[in-house]
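**Q** To be precise about what I am sending: the file is called structure-v9.cif and holds mmCIF, N, CA, C and O atoms.
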```
data_final
loop_
_atom_site.label_atom_id
_atom_site.label_comp_id
_atom_site.auth_asym_id
_atom_site.auth_seq_id
_atom_site.Cartn_x
_atom_site.Cartn_y
_atom_site.Cartn_z
N MET A 23 -20.83 49.52 107.99
CA MET A 23 -22.19 50.00 107.76
C MET A 23 -22.27 50.86 106.50
O MET A 23 -23.23 50.76 105.74
N GLN A 24 -21.25 51.68 106.27
CA GLN A 24 -21.22 52.54 105.10
C GLN A 24 -21.14 51.71 103.82
O GLN A 24 -21.75 52.05 102.81
N ILE A 25 -20.40 50.60 103.89
CA ILE A 25 -20.27 49.74 102.70
C ILE A 25 -21.62 49.12 102.35
O ILE A 25 -22.00 49.08 101.17
N ILE A 26 -22.35 48.67 103.32
CA ILE A 26 -23.68 48.09 103.07
C ILE A 26 -24.61 49.13 102.45
O ILE A 26 -25.34 48.85 101.50
N PHE A 27 -24.55 50.34 103.00
CA PHE A 27 -25.38 51.42 102.46
C PHE A 27 -25.02 51.71 101.00
O PHE A 27 -25.90 51.85 100.15
N ASN A 28 -23.73 51.75 100.70
CA ASN A 28 -23.29 52.02 99.32
C ASN A 28 -23.72 50.90 98.38
O ASN A 28 -24.14 51.15 97.25
N VAL A 29 -23.65 49.66 98.83
CA VAL A 29 -24.07 48.53 98.01
C VAL A 29 -25.57 48.62 97.73
O VAL A 29 -26.03 48.39 96.61
N LEU A 30 -26.35 48.95 98.76
CA LEU A 30 -27.80 49.10 98.56
C LEU A 30 -28.12 50.23 97.59
O LEU A 30 -29.03 50.10 96.76
N ILE A 31 -27.41 51.32 97.68
CA ILE A 31 -27.61 52.44 96.74
C ILE A 31 -27.29 52.00 95.32
O ILE A 31 -28.03 52.29 94.37
N ILE A 32 -26.20 51.26 95.15
CA ILE A 32 -25.82 50.78 93.81
C ILE A 32 -26.88 49.82 93.27
O ILE A 32 -27.29 49.91 92.10
N LEU A 33 -27.35 48.90 94.10
CA LEU A 33 -28.38 47.95 93.67
C LEU A 33 -29.68 48.68 93.33
O LEU A 33 -30.35 48.33 92.34
N ALA A 34 -30.05 49.68 94.10
CA ALA A 34 -31.26 50.45 93.81
C ALA A 34 -31.11 51.20 92.50
O ALA A 34 -32.06 51.29 91.71
N THR A 35 -29.93 51.73 92.24
CA THR A 35 -29.68 52.45 90.99
C THR A 35 -29.78 51.51 89.79
O THR A 35 -30.38 51.84 88.77
N ILE A 36 -29.21 50.31 89.94
CA ILE A 36 -29.29 49.33 88.85
C ILE A 36 -30.74 48.92 88.62
O ILE A 36 -31.19 48.82 87.47
N ASP A 37 -31.48 48.70 89.69
CA ASP A 37 -32.88 48.33 89.57
C ASP A 37 -33.68 49.43 88.87
O ASP A 37 -34.51 49.15 88.00
N LEU A 38 -33.43 50.66 89.24
CA LEU A 38 -34.12 51.79 88.61
C LEU A 38 -33.76 51.89 87.13
O LEU A 38 -34.63 52.14 86.29
N ALA A 39 -32.50 51.67 86.81
CA ALA A 39 -32.07 51.71 85.40
C ALA A 39 -32.75 50.61 84.60
O ALA A 39 -33.20 50.85 83.46
N LEU A 40 -32.85 49.41 85.16
CA LEU A 40 -33.53 48.31 84.46
C LEU A 40 -35.01 48.61 84.27
O LEU A 40 -35.58 48.33 83.22
N PHE A 41 -35.64 49.18 85.29
CA PHE A 41 -37.05 49.55 85.19
C PHE A 41 -37.25 50.59 84.09
O PHE A 41 -38.16 50.47 83.26
N ALA A 42 -36.39 51.61 84.05
CA ALA A 42 -36.49 52.65 83.02
C ALA A 42 -36.29 52.04 81.63
O ALA A 42 -37.00 52.39 80.68
N TYR A 43 -35.33 51.12 81.51
CA TYR A 43 -35.07 50.47 80.22
C TYR A 43 -36.29 49.69 79.75
O TYR A 43 -36.68 49.78 78.58
N GLU A 44 -36.94 48.95 80.66
CA GLU A 44 -38.13 48.19 80.29
C GLU A 44 -39.27 49.12 79.86
O GLU A 44 -39.98 48.83 78.89
N GLN A 45 -39.43 50.22 80.55
CA GLN A 45 -40.49 51.17 80.21
C GLN A 45 -40.23 51.80 78.84
O GLN A 45 -41.15 51.97 78.03
N ILE A 46 -38.98 52.13 78.58
CA ILE A 46 -38.62 52.72 77.28
C ILE A 46 -38.87 51.72 76.17
O ILE A 46 -39.38 52.08 75.10
N ARG A 47 -38.56 50.44 76.40
CA ARG A 47 -38.82 49.42 75.39
C ARG A 47 -40.31 49.30 75.12
O ARG A 47 -40.73 49.13 73.96
N LYS A 48 -41.14 49.37 76.15
CA LYS A 48 -42.59 49.30 75.96
C LYS A 48 -43.09 50.48 75.13
O LYS A 48 -43.87 50.32 74.20
N ILE A 49 -42.62 51.67 75.49
CA ILE A 49 -43.05 52.88 74.78
C ILE A 49 -42.59 52.82 73.33
O ILE A 49 -43.36 53.12 72.40
N TYR A 50 -41.34 52.42 73.10
CA TYR A 50 -40.82 52.33 71.73
C TYR A 50 -41.58 51.27 70.94
O TYR A 50 -41.86 51.45 69.76
N GLY A 51 -41.92 50.16 71.59
CA GLY A 51 -42.69 49.11 70.92
C GLY A 51 -44.05 49.62 70.49
O GLY A 51 -44.51 49.34 69.39
N ARG A 52 -44.71 50.39 71.36
CA ARG A 52 -46.01 50.97 70.99
C ARG A 52 -45.85 51.95 69.84
O ARG A 52 -46.69 52.01 68.94
N TYR A 53 -44.77 52.73 69.86
CA TYR A 53 -44.51 53.69 68.79
C TYR A 53 -44.31 52.95 67.46
O TYR A 53 -44.87 53.34 66.44
N GLN A 54 -43.53 51.87 67.50
CA GLN A 54 -43.30 51.09 66.28
C GLN A 54 -44.59 50.46 65.79
O GLN A 54 -44.85 50.42 64.60
N ASP A 55 -45.41 49.94 66.72
CA ASP A 55 -46.70 49.36 66.33
C ASP A 55 -47.59 50.41 65.68
O ASP A 55 -48.26 50.15 64.68
N GLN A 56 -47.58 51.62 66.24
CA GLN A 56 -48.41 52.69 65.68
C GLN A 56 -47.92 53.05 64.28
O GLN A 56 -48.73 53.23 63.36
N LYS A 57 -46.60 53.13 64.10
CA LYS A 57 -46.06 53.43 62.77
C LYS A 57 -46.42 52.34 61.78
O LYS A 57 -46.79 52.63 60.64
N SER A 58 -46.34 51.08 62.20
CA SER A 58 -46.69 49.97 61.32
C SER A 58 -48.16 50.02 60.94
O SER A 58 -48.53 49.79 59.79
N THR A 59 -49.00 50.31 61.93
CA THR A 59 -50.44 50.38 61.67
C THR A 59 -50.75 51.52 60.71
O THR A 59 -51.53 51.35 59.77
N GLU A 60 -50.14 52.67 60.94
CA GLU A 60 -50.36 53.81 60.03
C GLU A 60 -49.89 53.49 58.63
O GLU A 60 -50.56 53.82 57.65
N ALA A 61 -48.74 52.84 58.52
CA ALA A 61 -48.22 52.48 57.20
C ALA A 61 -49.17 51.51 56.50
O ALA A 61 -49.43 51.64 55.30
N PHE A 62 -49.71 50.55 57.24
CA PHE A 62 -50.65 49.60 56.65
C PHE A 62 -51.92 50.31 56.18
O PHE A 62 -52.40 50.07 55.07
N PHE A 63 -52.48 51.20 57.01
CA PHE A 63 -53.69 51.91 56.62
C PHE A 63 -53.43 52.81 55.41
O PHE A 63 -54.27 52.91 54.52
N ASN A 64 -52.27 53.46 55.36
CA ASN A 64 -51.94 54.27 54.19
C ASN A 64 -51.83 53.40 52.94
O ASN A 64 -52.30 53.77 51.87
N TRP A 65 -51.20 52.22 53.08
CA TRP A 65 -51.09 51.30 51.95
C TRP A 65 -52.47 50.83 51.51
O TRP A 65 -52.77 50.79 50.32
N ALA A 66 -53.32 50.47 52.50
CA ALA A 66 -54.66 49.99 52.16
C ALA A 66 -55.49 51.08 51.49
O ALA A 66 -56.21 50.83 50.52
N LYS A 67 -55.36 52.29 51.99
CA LYS A 67 -56.11 53.41 51.39
C LYS A 67 -55.62 53.67 49.97
O LYS A 67 -56.41 53.86 49.05
N LYS A 68 -54.32 53.63 49.79
CA LYS A 68 -53.74 53.85 48.46
C LYS A 68 -54.22 52.79 47.48
O LYS A 68 -54.60 53.09 46.35
N ASN A 69 -54.25 51.54 47.92
CA ASN A 69 -54.69 50.46 47.05
C ASN A 69 -56.19 50.52 46.79
O ASN A 69 -56.63 50.20 45.70
N SER A 70 -56.97 50.90 47.79
CA SER A 70 -58.41 50.97 47.56
C SER A 70 -58.74 52.14 46.63
O SER A 70 -59.64 52.04 45.80
N ASP A 71 -58.01 53.25 46.74
CA ASP A 71 -58.21 54.37 45.82
C ASP A 71 -57.81 53.97 44.40
O ASP A 71 -58.45 54.34 43.43
N HIS A 72 -56.75 53.19 44.30
CA HIS A 72 -56.27 52.75 43.00
C HIS A 72 -57.28 51.82 42.34
O HIS A 72 -57.52 51.90 41.14
N GLU A 73 -57.89 50.95 43.12
CA GLU A 73 -58.89 50.03 42.57
C GLU A 73 -60.15 50.77 42.14
O GLU A 73 -60.79 50.37 41.17
N LYS A 74 -60.50 51.84 42.82
CA LYS A 74 -61.69 52.60 42.46
C LYS A 74 -61.50 53.33 41.12
O LYS A 74 -62.42 53.49 40.36
N GLU A 75 -60.26 53.75 40.85
CA GLU A 75 -59.99 54.49 39.62
C GLU A 75 -60.02 53.59 38.40
O GLU A 75 -60.38 54.02 37.32
N GLU A 76 -59.60 52.33 38.54
CA GLU A 76 -59.55 51.42 37.41
C GLU A 76 -60.67 50.40 37.50
O GLU A 76 -60.58 49.44 38.24
N PRO A 77 -61.74 50.59 36.74
CA PRO A 77 -62.83 49.60 36.78
C PRO A 77 -62.39 48.30 36.10
O PRO A 77 -61.63 48.32 35.13
N HIS A 78 -62.84 47.21 36.64
CA HIS A 78 -62.50 45.90 36.05
C HIS A 78 -63.44 45.62 34.88
O HIS A 78 -64.61 45.90 34.94
N GLU A 79 -62.89 45.05 33.83
CA GLU A 79 -63.69 44.75 32.65
C GLU A 79 -64.12 43.32 32.63
O GLU A 79 -63.50 42.43 33.00
#
```
The structure in this file should be written as structure tokens.

**A**
Amino acid sequence: MQIIFNVLIILATIDLALFAYEQIRKIYGRYQDQKSTEAFFNWAKKNSDHEKEEPHE
């Protein structure tokens, strides 16, 4: 009976670790998306400011 209990505890621990890993990947993915979006907006703003300074002839 003790062996079955220990196996269930180990399986529950592995399941919890996998769940935590998936959640961390989701959070990190959102963080990376946010950084990419901010970088794009900064690039777009920089280019739009640059175009405003130089009038086309």

**Q** Could you jot down the CA of Asp55 (chain A) to atom O of Ala42 (chain A) separation for me, Å, one decimal place?

**A**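 Distance between the two atoms: 17.6 Å.
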
**Q** Take every atom of region 51-69 of chain A listed in the file, fit an axis-aligned box around them, add 4 Å per side, and give the centre and edge lengths in Å to one decimal as lines of an AutoDock Vina configuration file.

**A**
```
center_x = -49.3
center_y = 51.7
center_z = 58.6
size_x = 22.7
size_y = 13.2
size_z = 33.9
```

**Q** How many Å lie between atom C of Ala39 (chain A) and atom O of Met23 (chain A), rounded to one decimal?

**A**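 Distance between the two atoms: 23.2 Å.
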
**Q** Grab the CA of Ile31 (chain A) to CA of Tyr50 (chain A) distance for me, in Å with one decimal place.

**A**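 CA of Ile31 (chain A) sits 28.3 Å away from CA of Tyr50 (chain A).
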